[in-house]
There are 2 protein chains.
Amino acid sequence: MKLPKETEEENGLAPASHGRWYGDACSAALALEILGERWAMLVVRELMLGPRRFSSLRADLPGISAKVLTQRLETLQSHGVLRRRKLPPPAAVQVYELTEWGYLAERPLLEMCRWGVMSRAHDPALALSPTALMLSLRAMFVPGQAQDLSLRVGFEVHGEHFVAQVANGSMQVRRGEPGEADITFTAATAQPLLAILYGKRPLAEFERGGALAVTGDASLAEQVIGLFEMPPKLGTPAA
Amino acid sequence: MKLPKETEEENGLAPASHGRWYGDACSAALALEILGERWAMLVVRELMLGPRRFSSLRADLPGISAKVLTQRLETLQSHGVLRRRKLPPPAAVQVYELTEWGYLAERPLLEMCRWGVMSRAHDPALALSPTALMLSLRAMFVPGQAQDLSLRVGFEVHGEHFVAQVANGSMQVRRGEPGEADITFTAATAQPLLAILYGKRPLAEFERGGALAVTGDASLAEQVIGLFEMPPKLGTPAA
DNA sequence: CAGAATCCCATTCGATACTG
DNA sequence: CAGTATCGAATGGGATTCTG
């Protein structure tokens, strides 16, 4: 145990490639070992809606350093959660992309979302990346409200475009160009969208203030808002 | 930031009672802040089937030190995930117990289970606490297989007793005395149970070896085994 | 821009020892 | 039994710098 580290740096796959290990057959412990490391699950979150570049990831993970991001990407790659990929020649940039298994981490991630939002310590006023916002939509989506609804909702947040496609009581979210949607919400930050979708604040208030624009079939707005619901607060009030 | 620590130990509830903070409105980030700390989610796991004592927790979390367990219990309590409770006079011992919100962490926990088990790095030969075994049952339970089944399955592992109650296509697990069940599996460790329930190894093999005993209506064993299924392996093989 | 390499402090972990 | 106290070692991770 006190060997001056010899054959421990060579293999990026040993029992624990970063030194800790629960020694527990519980698969949750293994998952925690991989996703529970600081920043790891948030990196996965940022990749959940498609491949991203290093600097793009860094921009949406406020506070992460280049070093730590590099380390996490390496570790996650060694565990098979993501891979490094070179885009074909015209672009020729390098991106990080979740593996099939990595994409399946959406379920634990959304459950963490739903659990965390029940805490009274949750503060929606903090910064929220476009990807995190779109994933929160999936977390707070109430299938029952969408049984006979079929529509495409566009979102443009901080210049990034997404489409939420509602059909057969379920909803997918993907990156997509504007114009594909029946109704589109445009905002510079996530906050006004949080306010109207989850806080159920009147849309007009934010449209007037210029914080939020709605284009397309605006009559669908109320139905869209009805698709989402936040769980009740249960955590400790503040102490 | 360099103050000789004055008003920092007093409040166990500051913005971040242990110093790190993602500064992210994403509720998953908050959940990670609380449950993503080393050992935290495993402590919650051990409490998931009912209140436990300090030494009992420690015994089932191989490798945790008293110091770290104490710290985690404090932090989790300050976040409202668990509470410290004194049992009524006859017993008068102190136990830790999840709050309502704490119990709701079962969903993220089970999703982590289901995700982690898809890794080829998952090693079922490692130690598994009785509680972790019982929760794995809930994680691997396939509702479809139990539609018209109604029975109570008893488990005795390492001297601890549990009952899995199957009805209406769902299954609850709780601590319970032997004799409440239609069929009971008894084993000293979790391994033989993992082998027959998930590995679909023949029951007889372990009964003969004395690693596993079945009492009650043994004809139900096959049906019980059919209730559970492991997801396919997807993670990196080993490198 | 995408990292790799350094530096360095603060935190944290785990082992051991101690206590009501 | 249920923790507390202390200590040394390891690690984490922020900032900065350098490079292809």
# chains A, B, ... in the order shown; residues from 1 in each chain; ligands from 1
call {"tool": "select_by_dssp", "arguments": {"residues": "segment 32-239 of chain A", "states": "alpha helix (DSSP H)", "output": "PyMOL selection string"}}
result
chain A and resi 32-35+40-47+54-60+66-78+100-103+106-116+130-140+191-197+203-209+221-225
call {"tool": "residues_around", "arguments": {"residues": "segment 3-18 of chain C", "least_positions_apart": "2", "cutoff": "12 Å", "atoms": "only C-alpha atoms (C1' of nucleotides)", "output": "PDB file with N, CA and C atoms (P, O5', C5', C4', C3', O3' and C1' of nucleotides), in the first residue's frame"}}
result
ATOM      1  N   GLY A  19      -7.950   6.211  -7.464  1.00  0.00           N
ATOM      2  CA  GLY A  19      -7.496   6.014  -6.102  1.00  0.00           C
ATOM      3  C   GLY A  19      -8.521   5.636  -5.054  1.00  0.00           C
ATOM      4  N   ARG A  20      -9.769   6.004  -5.232  1.00  0.00           N
ATOM      5  CA  ARG A  20     -10.726   5.628  -4.198  1.00  0.00           C
ATOM      6  C   ARG A  20     -11.526   4.440  -4.690  1.00  0.00           C
ATOM      7  N   ARG A  53     -17.707  20.636 -27.428  1.00  0.00           N
ATOM      8  CA  ARG A  53     -16.282  20.889 -27.423  1.00  0.00           C
ATOM      9  C   ARG A  53     -15.807  21.257 -26.021  1.00  0.00           C
ATOM     10  N   PHE A  54     -14.514  21.136 -25.846  1.00  0.00           N
ATOM     11  CA  PHE A  54     -13.912  21.413 -24.544  1.00  0.00           C
ATOM     12  C   PHE A  54     -14.292  22.789 -24.020  1.00  0.00           C
ATOM     13  N   SER A  55     -14.122  23.774 -24.830  1.00  0.00           N
ATOM     14  CA  SER A  55     -14.358  25.139 -24.345  1.00  0.00           C
ATOM     15  C   SER A  55     -15.839  25.410 -24.123  1.00  0.00           C
ATOM     16  N   SER A  65     -12.062  24.188 -13.567  1.00  0.00           N
ATOM     17  CA  SER A  65     -10.794  24.594 -14.153  1.00  0.00           C
ATOM     18  C   SER A  65     -10.462  23.668 -15.309  1.00  0.00           C
ATOM     19  N   ALA A  66      -9.602  24.135 -16.188  1.00  0.00           N
ATOM     20  CA  ALA A  66      -9.212  23.318 -17.337  1.00  0.00           C
ATOM     21  C   ALA A  66      -8.635  21.997 -16.870  1.00  0.00           C
ATOM     22  N   LYS A  67      -7.872  22.062 -15.830  1.00  0.00           N
ATOM     23  CA  LYS A  67      -7.237  20.848 -15.327  1.00  0.00           C
ATOM     24  C   LYS A  67      -8.266  19.814 -14.890  1.00  0.00           C
ATOM     25  N   VAL A  68      -9.196  20.266 -14.098  1.00  0.00           N
ATOM     26  CA  VAL A  68     -10.201  19.335 -13.589  1.00  0.00           C
ATOM     27  C   VAL A  68     -11.069  18.812 -14.722  1.00  0.00           C
ATOM     28  N   LEU A  69     -11.428  19.701 -15.654  1.00  0.00           N
ATOM     29  CA  LEU A  69     -12.243  19.230 -16.772  1.00  0.00           C
ATOM     30  C   LEU A  69     -11.498  18.167 -17.573  1.00  0.00           C
ATOM     31  N   THR A  70     -10.229  18.408 -17.812  1.00  0.00           N
ATOM     32  CA  THR A  70      -9.413  17.419 -18.520  1.00  0.00           C
ATOM     33  C   THR A  70      -9.398  16.090 -17.774  1.00  0.00           C
ATOM     34  N   GLN A  71      -9.187  16.173 -16.469  1.00  0.00           N
ATOM     35  CA  GLN A  71      -9.145  14.949 -15.668  1.00  0.00           C
ATOM     36  C   GLN A  71     -10.462  14.192 -15.729  1.00  0.00           C
ATOM     37  N   LEU A  73     -12.802  14.308 -17.993  1.00  0.00           N
ATOM     38  CA  LEU A  73     -13.042  13.749 -19.320  1.00  0.00           C
ATOM     39  C   LEU A  73     -12.226  12.472 -19.506  1.00  0.00           C
ATOM     40  N   GLU A  74     -11.010  12.481 -18.992  1.00  0.00           N
ATOM     41  CA  GLU A  74     -10.172  11.283 -19.108  1.00  0.00           C
ATOM     42  C   GLU A  74     -10.767  10.121 -18.319  1.00  0.00           C
ATOM     43  N   GLN A  94     -12.355  18.655 -32.415  1.00  0.00           N
ATOM     44  CA  GLN A  94     -12.515  17.519 -31.534  1.00  0.00           C
ATOM     45  C   GLN A  94     -13.694  17.743 -30.608  1.00  0.00           C
TER      46      GLN A  94
ATOM     47  N   MET B   1     -11.487  34.698   3.863  1.00  0.00           N
ATOM     48  CA  MET B   1     -11.255  33.284   3.531  1.00  0.00           C
ATOM     49  C   MET B   1     -10.125  32.676   4.350  1.00  0.00           C
ATOM     50  N   LYS B   2      -9.290  33.549   4.888  1.00  0.00           N
ATOM     51  CA  LYS B   2      -8.162  33.016   5.666  1.00  0.00           C
ATOM     52  C   LYS B   2      -8.371  33.239   7.158  1.00  0.00           C
ATOM     53  N   HIS B  18     -20.111  22.343   3.832  1.00  0.00           N
ATOM     54  CA  HIS B  18     -18.818  21.692   3.775  1.00  0.00           C
ATOM     55  C   HIS B  18     -17.900  22.322   2.744  1.00  0.00           C
ATOM     56  N   GLY B  19     -18.243  23.489   2.272  1.00  0.00           N
ATOM     57  CA  GLY B  19     -17.246  24.237   1.528  1.00  0.00           C
ATOM     58  C   GLY B  19     -17.314  24.204   0.022  1.00  0.00           C
ATOM     59  N   ARG B  20     -17.867  23.166  -0.598  1.00  0.00           N
ATOM     60  CA  ARG B  20     -17.906  23.187  -2.053  1.00  0.00           C
ATOM     61  C   ARG B  20     -19.304  23.593  -2.493  1.00  0.00           C
ATOM     62  N   GLU B  37     -21.191  13.497  -2.239  1.00  0.00           N
ATOM     63  CA  GLU B  37     -19.976  13.463  -1.445  1.00  0.00           C
ATOM     64  C   GLU B  37     -19.646  12.015  -1.120  1.00  0.00           C
ATOM     65  N   ARG B  38     -18.382  11.779  -1.004  1.00  0.00           N
ATOM     66  CA  ARG B  38     -17.954  10.412  -0.745  1.00  0.00           C
ATOM     67  C   ARG B  38     -18.689   9.816   0.442  1.00  0.00           C
ATOM     68  N   TRP B  39     -19.185   8.601   0.270  1.00  0.00           N
ATOM     69  CA  TRP B  39     -19.900   7.811   1.271  1.00  0.00           C
ATOM     70  C   TRP B  39     -21.344   8.250   1.485  1.00  0.00           C
ATOM     71  N   GLY B  63     -14.646   0.099   5.340  1.00  0.00           N
ATOM     72  CA  GLY B  63     -13.642   1.082   4.973  1.00  0.00           C
ATOM     73  C   GLY B  63     -13.932   2.472   5.474  1.00  0.00           C
ATOM     74  N   ILE B  64     -15.157   2.731   5.896  1.00  0.00           N
ATOM     75  CA  ILE B  64     -15.452   4.075   6.388  1.00  0.00           C
ATOM     76  C   ILE B  64     -14.889   4.223   7.807  1.00  0.00           C
ATOM     77  N   SER B  65     -14.384   5.381   8.105  1.00  0.00           N
ATOM     78  CA  SER B  65     -13.867   5.614   9.451  1.00  0.00           C
ATOM     79  C   SER B  65     -14.933   6.283  10.297  1.00  0.00           C
ATOM     80  N   ALA B  66     -14.786   6.182  11.588  1.00  0.00           N
ATOM     81  CA  ALA B  66     -15.760   6.783  12.494  1.00  0.00           C
ATOM     82  C   ALA B  66     -15.879   8.274  12.221  1.00  0.00           C
ATOM     83  N   LYS B  67     -14.750   8.875  11.934  1.00  0.00           N
ATOM     84  CA  LYS B  67     -14.746  10.306  11.696  1.00  0.00           C
ATOM     85  C   LYS B  67     -15.595  10.678  10.488  1.00  0.00           C
ATOM     86  N   VAL B  68     -15.351   9.989   9.413  1.00  0.00           N
ATOM     87  CA  VAL B  68     -16.075  10.308   8.189  1.00  0.00           C
ATOM     88  C   VAL B  68     -17.560   9.988   8.336  1.00  0.00           C
ATOM     89  N   LEU B  69     -17.867   8.880   8.982  1.00  0.00           N
ATOM     90  CA  LEU B  69     -19.274   8.556   9.177  1.00  0.00           C
ATOM     91  C   LEU B  69     -19.957   9.635  10.006  1.00  0.00           C
ATOM     92  N   GLN B  71     -19.106  12.753  10.237  1.00  0.00           N
ATOM     93  CA  GLN B  71     -19.242  13.949   9.400  1.00  0.00           C
ATOM     94  C   GLN B  71     -20.403  13.825   8.428  1.00  0.00           C
TER      95      GLN B  71
ATOM     96  P    DC C   1     -11.138  31.131 -27.884  1.00  0.00           P
ATOM     97  O5'  DC C   1     -11.091  29.581 -28.245  1.00  0.00           O
ATOM     98  C5'  DC C   1     -11.503  29.141 -29.525  1.00  0.00           C
ATOM     99  C4'  DC C   1     -10.852  27.806 -29.795  1.00  0.00           C
ATOM    100  C3'  DC C   1     -11.077  26.802 -28.675  1.00  0.00           C
ATOM    101  O3'  DC C   1     -11.403  25.545 -29.244  1.00  0.00           O
ATOM    102  C1'  DC C   1      -8.753  27.052 -29.095  1.00  0.00           C
ATOM    103  P    DG C  20     -14.223  12.160  29.621  1.00  0.00           P
ATOM    104  O5'  DG C  20     -15.808  11.978  29.625  1.00  0.00           O
ATOM    105  C5'  DG C  20     -16.637  12.722  28.726  1.00  0.00           C
ATOM    106  C4'  DG C  20     -17.953  11.976  28.544  1.00  0.00           C
ATOM    107  C3'  DG C  20     -18.602  11.525  29.857  1.00  0.00           C
ATOM    108  O3'  DG C  20     -20.024  11.637  29.740  1.00  0.00           O
ATOM    109  C1'  DG C  20     -18.193   9.643  28.492  1.00  0.00           C
TER     110       DG C  20
ATOM    111  P    DG D   3     -23.425   8.867  17.955  1.00  0.00           P
ATOM    112  O5'  DG D   3     -22.106   8.769  17.049  1.00  0.00           O
ATOM    113  C5'  DG D   3     -21.278   9.889  16.931  1.00  0.00           C
ATOM    114  C4'  DG D   3     -20.318   9.999  18.112  1.00  0.00           C
ATOM    115  C3'  DG D   3     -19.230  11.024  17.919  1.00  0.00           C
ATOM    116  O3'  DG D   3     -19.627  12.237  18.521  1.00  0.00           O
ATOM    117  C1'  DG D   3     -18.472   9.042  19.063  1.00  0.00           C
ATOM    118  P    DT D   4     -19.001  13.583  17.919  1.00  0.00           P
ATOM    119  O5'  DT D   4     -17.604  13.836  18.673  1.00  0.00           O
ATOM    120  C5'  DT D   4     -17.468  13.538  20.031  1.00  0.00           C
ATOM    121  C4'  DT D   4     -16.050  13.896  20.491  1.00  0.00           C
ATOM    122  C3'  DT D   4     -15.305  14.985  19.712  1.00  0.00           C
ATOM    123  O3'  DT D   4     -14.579  15.764  20.667  1.00  0.00           O
ATOM    124  C1'  DT D   4     -14.078  12.965  19.622  1.00  0.00           C
ATOM    125  P    DA D   5     -13.675  16.999  20.178  1.00  0.00           P
ATOM    126  O5'  DA D   5     -12.228  16.366  20.077  1.00  0.00           O
ATOM    127  C5'  DA D   5     -11.648  15.680  21.190  1.00  0.00           C
ATOM    128  C4'  DA D   5     -10.165  15.447  20.929  1.00  0.00           C
ATOM    129  C3'  DA D   5      -9.514  16.516  20.057  1.00  0.00           C
ATOM    130  O3'  DA D   5      -8.247  16.837  20.608  1.00  0.00           O
ATOM    131  C1'  DA D   5      -9.255  14.364  19.038  1.00  0.00           C
ATOM    132  P    DT D   6      -7.412  18.087  20.002  1.00  0.00           P
ATOM    133  O5'  DT D   6      -6.240  17.319  19.282  1.00  0.00           O
ATOM    134  C5'  DT D   6      -5.827  16.030  19.801  1.00  0.00           C
ATOM    135  C4'  DT D   6      -4.901  15.327  18.832  1.00  0.00           C
ATOM    136  C3'  DT D   6      -4.150  16.237  17.850  1.00  0.00           C
ATOM    137  O3'  DT D   6      -2.788  15.858  17.858  1.00  0.00           O
ATOM    138  C1'  DT D   6      -5.134  14.469  16.694  1.00  0.00           C
ATOM    139  P    DC D   7      -1.675  16.849  17.224  1.00  0.00           P
ATOM    140  O5'  DC D   7      -1.125  15.930  16.058  1.00  0.00           O
ATOM    141  C5'  DC D   7      -0.944  14.514  16.286  1.00  0.00           C
ATOM    142  C4'  DC D   7      -0.642  13.850  14.963  1.00  0.00           C
ATOM    143  C3'  DC D   7       0.049  14.775  13.955  1.00  0.00           C
ATOM    144  O3'  DC D   7       1.185  14.135  13.410  1.00  0.00           O
ATOM    145  C1'  DC D   7      -1.871  13.765  12.982  1.00  0.00           C
ATOM    146  P    DG D   8       2.242  15.006  12.535  1.00  0.00           P
ATOM    147  O5'  DG D   8       2.527  13.995  11.349  1.00  0.00           O
ATOM    148  C5'  DG D   8       2.426  12.582  11.568  1.00  0.00           C
ATOM    149  C4'  DG D   8       2.062  11.913  10.255  1.00  0.00           C
ATOM    150  C3'  DG D   8       2.800  12.499   9.046  1.00  0.00           C
ATOM    151  O3'  DG D   8       3.232  11.442   8.205  1.00  0.00           O
ATOM    152  C1'  DG D   8       0.449  12.702   8.736  1.00  0.00           C
ATOM    153  P    DA D   9       3.996  11.775   6.877  1.00  0.00           P
ATOM    154  O5'  DA D   9       2.886  11.399   5.802  1.00  0.00           O
ATOM    155  C5'  DA D   9       2.152  10.175   5.951  1.00  0.00           C
ATOM    156  C4'  DA D   9       1.154  10.071   4.823  1.00  0.00           C
ATOM    157  C3'  DA D   9       1.723  10.482   3.467  1.00  0.00           C
ATOM    158  O3'  DA D   9       1.354   9.528   2.491  1.00  0.00           O
ATOM    159  C1'  DA D   9      -0.193  11.795   3.990  1.00  0.00           C
ATOM    160  P    DA D  10       1.736   9.732   0.980  1.00  0.00           P
ATOM    161  O5'  DA D  10       0.330  10.064   0.327  1.00  0.00           O
ATOM    162  C5'  DA D  10      -0.831   9.326   0.736  1.00  0.00           C
ATOM    163  C4'  DA D  10      -2.060   9.931   0.095  1.00  0.00           C
ATOM    164  C3'  DA D  10      -1.870  10.270  -1.393  1.00  0.00           C
ATOM    165  O3'  DA D  10      -2.972   9.730  -2.111  1.00  0.00           O
ATOM    166  C1'  DA D  10      -2.633  12.181  -0.176  1.00  0.00           C
ATOM    167  P    DT D  11      -3.017   9.862  -3.700  1.00  0.00           P
ATOM    168  O5'  DT D  11      -4.103  10.993  -3.875  1.00  0.00           O
ATOM    169  C5'  DT D  11      -5.102  11.138  -2.858  1.00  0.00           C
ATOM    170  C4'  DT D  11      -5.972  12.331  -3.136  1.00  0.00           C
ATOM    171  C3'  DT D  11      -6.026  12.773  -4.605  1.00  0.00           C
ATOM    172  O3'  DT D  11      -7.387  12.809  -4.984  1.00  0.00           O
ATOM    173  C1'  DT D  11      -5.544  14.615  -3.164  1.00  0.00           C
ATOM    174  P    DG D  12      -7.909  13.364  -6.354  1.00  0.00           P
ATOM    175  O5'  DG D  12      -8.406  14.791  -5.881  1.00  0.00           O
ATOM    176  C5'  DG D  12      -9.115  14.915  -4.649  1.00  0.00           C
ATOM    177  C4'  DG D  12      -9.639  16.324  -4.538  1.00  0.00           C
ATOM    178  C3'  DG D  12     -10.070  16.935  -5.860  1.00  0.00           C
ATOM    179  O3'  DG D  12     -11.214  17.740  -5.672  1.00  0.00           O
ATOM    180  C1'  DG D  12      -8.219  18.155  -4.971  1.00  0.00           C
ATOM    181  P    DG D  13     -12.052  18.195  -6.876  1.00  0.00           P
ATOM    182  O5'  DG D  13     -11.454  19.629  -7.191  1.00  0.00           O
ATOM    183  C5'  DG D  13     -11.458  20.619  -6.165  1.00  0.00           C
ATOM    184  C4'  DG D  13     -10.534  21.742  -6.552  1.00  0.00           C
ATOM    185  C3'  DG D  13     -10.688  22.198  -8.022  1.00  0.00           C
ATOM    186  O3'  DG D  13     -10.640  23.604  -8.046  1.00  0.00           O
ATOM    187  C1'  DG D  13      -8.472  21.809  -7.547  1.00  0.00           C
ATOM    188  P    DG D  14     -11.725  24.409  -8.851  1.00  0.00           P
ATOM    189  O5'  DG D  14     -11.155  25.886  -8.776  1.00  0.00           O
ATOM    190  C5'  DG D  14     -10.812  26.440  -7.499  1.00  0.00           C
ATOM    191  C4'  DG D  14      -9.641  27.383  -7.638  1.00  0.00           C
ATOM    192  C3'  DG D  14      -9.635  28.186  -8.934  1.00  0.00           C
ATOM    193  O3'  DG D  14      -9.383  29.560  -8.652  1.00  0.00           O
ATOM    194  C1'  DG D  14      -7.584  26.997  -8.702  1.00  0.00           C
ATOM    195  P    DA D  15      -9.485  30.606  -9.826  1.00  0.00           P
ATOM    196  O5'  DA D  15      -7.944  30.910 -10.077  1.00  0.00           O
ATOM    197  C5'  DA D  15      -7.045  31.012  -8.954  1.00  0.00           C
ATOM    198  C4'  DA D  15      -5.635  31.226  -9.466  1.00  0.00           C
ATOM    199  C3'  DA D  15      -5.560  32.011 -10.782  1.00  0.00           C
ATOM    200  O3'  DA D  15      -4.573  33.021 -10.678  1.00  0.00           O
ATOM    201  C1'  DA D  15      -4.422  29.931 -10.998  1.00  0.00           C
ATOM    202  P    DT D  16      -4.384  34.036 -11.902  1.00  0.00           P
ATOM    203  O5'  DT D  16      -3.051  33.470 -12.564  1.00  0.00           O
ATOM    204  C5'  DT D  16      -2.023  32.926 -11.739  1.00  0.00           C
ATOM    205  C4'  DT D  16      -0.989  32.219 -12.591  1.00  0.00           C
ATOM    206  C3'  DT D  16      -0.753  32.864 -13.973  1.00  0.00           C
ATOM    207  O3'  DT D  16       0.620  33.213 -14.103  1.00  0.00           O
ATOM    208  C1'  DT D  16      -0.982  30.514 -14.151  1.00  0.00           C
ATOM    209  P    DT D  17       1.137  34.034 -15.400  1.00  0.00           P
ATOM    210  O5'  DT D  17       1.891  32.886 -16.198  1.00  0.00           O
ATOM    211  C5'  DT D  17       2.678  31.909 -15.488  1.00  0.00           C
ATOM    212  C4'  DT D  17       3.074  30.791 -16.443  1.00  0.00           C
ATOM    213  C3'  DT D  17       3.448  31.269 -17.860  1.00  0.00           C
ATOM    214  O3'  DT D  17       4.723  30.753 -18.214  1.00  0.00           O
ATOM    215  C1'  DT D  17       1.928  29.466 -17.945  1.00  0.00           C
ATOM    216  P    DC D  18       5.422  31.189 -19.597  1.00  0.00           P
ATOM    217  O5'  DC D  18       5.226  29.884 -20.475  1.00  0.00           O
ATOM    218  C5'  DC D  18       5.669  28.611 -19.978  1.00  0.00           C
ATOM    219  C4'  DC D  18       5.216  27.514 -20.932  1.00  0.00           C
ATOM    220  C3'  DC D  18       5.501  27.822 -22.410  1.00  0.00           C
ATOM    221  O3'  DC D  18       6.162  26.717 -22.993  1.00  0.00           O
ATOM    222  C1'  DC D  18       3.230  27.198 -22.096  1.00  0.00           C
ATOM    223  P    DT D  19       6.871  26.899 -24.442  1.00  0.00           P
ATOM    224  O5'  DT D  19       5.987  25.948 -25.346  1.00  0.00           O
ATOM    225  C5'  DT D  19       5.620  24.645 -24.886  1.00  0.00           C
ATOM    226  C4'  DT D  19       4.519  24.088 -25.765  1.00  0.00           C
ATOM    227  C3'  DT D  19       4.692  24.360 -27.266  1.00  0.00           C
ATOM    228  O3'  DT D  19       4.420  23.173 -27.981  1.00  0.00           O
ATOM    229  C1'  DT D  19       2.539  24.915 -26.590  1.00  0.00           C
ATOM    230  P    DG D  20       5.293  22.756 -29.268  1.00  0.00           P
ATOM    231  O5'  DG D  20       4.181  22.189 -30.264  1.00  0.00           O
ATOM    232  C5'  DG D  20       3.412  21.023 -29.940  1.00  0.00           C
ATOM    233  C4'  DG D  20       2.092  21.100 -30.701  1.00  0.00           C
ATOM    234  C3'  DG D  20       2.265  21.466 -32.184  1.00  0.00           C
ATOM    235  O3'  DG D  20       1.360  20.674 -32.960  1.00  0.00           O
ATOM    236  C1'  DG D  20       0.809  23.004 -31.141  1.00  0.00           C
TER     237       DG D  20
END
call {"tool": "select_by_dssp", "arguments": {"residues": "segment 100-224 of chain B", "states": "strand (DSSP E)", "output": "compact mmCIF listing (two decimals) with N, CA and C atoms, in the first residue's frame"}}
result
# COMPACT_ATOMS: atom_id res chain seq x y z
N LEU B 151 -47.31 -12.84 -3.40
CA LEU B 151 -46.66 -13.68 -2.39
C LEU B 151 -45.65 -12.89 -1.56
N ARG B 152 -45.27 -13.52 -0.47
CA ARG B 152 -44.27 -12.90 0.40
C ARG B 152 -43.01 -13.75 0.40
N VAL B 153 -41.92 -13.12 0.11
CA VAL B 153 -40.66 -13.83 0.06
C VAL B 153 -39.78 -13.36 1.22
N GLY B 154 -39.37 -14.30 2.03
CA GLY B 154 -38.52 -13.94 3.15
C GLY B 154 -37.05 -14.11 2.81
N PHE B 155 -36.22 -13.26 3.38
CA PHE B 155 -34.78 -13.37 3.20
C PHE B 155 -34.12 -13.25 4.56
N GLU B 156 -33.19 -14.15 4.81
CA GLU B 156 -32.36 -13.99 6.00
C GLU B 156 -30.91 -13.99 5.54
N VAL B 157 -30.29 -12.84 5.68
CA VAL B 157 -28.90 -12.72 5.24
C VAL B 157 -28.06 -12.21 6.40
N GLU B 160 -29.90 -11.00 9.33
CA GLU B 160 -30.92 -9.96 9.24
C GLU B 160 -32.11 -10.45 8.41
N HIS B 161 -33.29 -10.09 8.86
CA HIS B 161 -34.49 -10.60 8.22
C HIS B 161 -35.24 -9.54 7.43
N PHE B 162 -35.67 -9.94 6.26
CA PHE B 162 -36.43 -9.03 5.39
C PHE B 162 -37.57 -9.79 4.74
N VAL B 163 -38.57 -9.04 4.33
CA VAL B 163 -39.68 -9.62 3.59
C VAL B 163 -39.91 -8.80 2.33
N ALA B 164 -39.95 -9.47 1.21
CA ALA B 164 -40.31 -8.81 -0.05
C ALA B 164 -41.74 -9.21 -0.37
N GLN B 165 -42.58 -8.22 -0.47
CA GLN B 165 -43.99 -8.49 -0.66
C GLN B 165 -44.40 -8.13 -2.09
N VAL B 166 -44.80 -9.15 -2.83
CA VAL B 166 -45.17 -8.96 -4.23
C VAL B 166 -46.68 -8.97 -4.37
N ALA B 167 -47.21 -7.92 -4.99
CA ALA B 167 -48.66 -7.86 -5.22
C ALA B 167 -48.97 -6.80 -6.25
N SER B 170 -46.22 -5.01 -8.28
CA SER B 170 -45.15 -4.25 -7.66
C SER B 170 -44.61 -5.01 -6.45
N MET B 171 -43.54 -4.52 -5.90
CA MET B 171 -42.90 -5.22 -4.79
C MET B 171 -42.37 -4.24 -3.75
N GLN B 172 -42.75 -4.46 -2.49
CA GLN B 172 -42.14 -3.68 -1.42
C GLN B 172 -41.16 -4.55 -0.66
N VAL B 173 -40.20 -3.91 -0.06
CA VAL B 173 -39.25 -4.63 0.78
C VAL B 173 -39.22 -3.95 2.14
N ARG B 174 -39.26 -4.75 3.16
CA ARG B 174 -39.17 -4.19 4.51
C ARG B 174 -38.48 -5.21 5.41
N ARG B 175 -38.05 -4.74 6.57
CA ARG B 175 -37.55 -5.67 7.56
C ARG B 175 -38.74 -6.42 8.12
N ILE B 183 -42.22 -18.22 1.27
CA ILE B 183 -40.98 -18.94 1.01
C ILE B 183 -39.84 -18.09 1.54
N THR B 184 -38.84 -18.74 2.11
CA THR B 184 -37.74 -17.98 2.70
C THR B 184 -36.39 -18.51 2.25
N PHE B 185 -35.52 -17.58 1.89
CA PHE B 185 -34.16 -17.91 1.50
C PHE B 185 -33.22 -17.48 2.63
N THR B 186 -32.38 -18.40 3.04
CA THR B 186 -31.44 -18.08 4.11
C THR B 186 -30.01 -18.31 3.65
N ALA B 187 -29.17 -17.31 3.88
CA ALA B 187 -27.77 -17.43 3.48
C ALA B 187 -26.89 -16.58 4.38
N LEU B 212 -26.90 -21.95 0.89
CA LEU B 212 -28.23 -21.36 0.79
C LEU B 212 -29.27 -22.38 1.24
N ALA B 213 -30.22 -21.92 2.02
CA ALA B 213 -31.30 -22.81 2.45
C ALA B 213 -32.64 -22.21 2.04
N VAL B 214 -33.54 -23.07 1.59
CA VAL B 214 -34.87 -22.61 1.24
C VAL B 214 -35.86 -23.29 2.15
N THR B 215 -36.73 -22.49 2.76
CA THR B 215 -37.77 -23.07 3.61
C THR B 215 -39.12 -22.55 3.16
N GLY B 216 -40.17 -23.24 3.58
CA GLY B 216 -41.50 -22.85 3.15
C GLY B 216 -41.86 -23.55 1.85
call {"tool": "interface_residues", "arguments": {"of": "chain B", "to": "chain A", "cutoff": "8 Å", "atoms": "only C-alpha atoms", "output": "PyMOL selection string"}}
result
chain B and resi 12-13+22-32+36-38+42+62-63+78-81+100-101+104-105+107-118+122-128+132-133+136+234-236+238-239
call {"tool": "decode", "arguments": {"residues": "segment 211-227 of chain B", "atoms": "C-alpha atoms", "output": "mmCIF file, in the first residue's frame"}}
result
data_model
loop_
_atom_site.group_PDB
_atom_site.id
_atom_site.type_symbol
_atom_site.label_atom_id
_atom_site.label_comp_id
_atom_site.auth_asym_id
_atom_site.auth_seq_id
_atom_site.Cartn_x
_atom_site.Cartn_y
_atom_site.Cartn_z
ATOM 1 C CA ALA B 211 -24.509 -21.853 1.109
ATOM 2 C CA LEU B 212 -28.233 -21.356 0.788
ATOM 3 C CA ALA B 213 -31.302 -22.809 2.445
ATOM 4 C CA VAL B 214 -34.870 -22.609 1.236
ATOM 5 C CA THR B 215 -37.768 -23.074 3.606
ATOM 6 C CA GLY B 216 -41.496 -22.845 3.152
ATOM 7 C CA ASP B 217 -43.149 -23.486 -0.173
ATOM 8 C CA ALA B 218 -40.087 -24.359 -2.247
ATOM 9 C CA SER B 219 -42.193 -24.733 -5.380
ATOM 10 C CA LEU B 220 -42.390 -20.948 -5.529
ATOM 11 C CA ALA B 221 -38.636 -20.578 -5.994
ATOM 12 C CA GLU B 222 -38.707 -20.552 -9.777
ATOM 13 C CA GLN B 223 -41.359 -17.870 -9.867
ATOM 14 C CA VAL B 224 -39.395 -15.754 -7.468
ATOM 15 C CA ILE B 225 -36.269 -16.066 -9.567
ATOM 16 C CA GLY B 226 -38.277 -15.028 -12.607
ATOM 17 C CA LEU B 227 -39.125 -11.701 -11.007
#
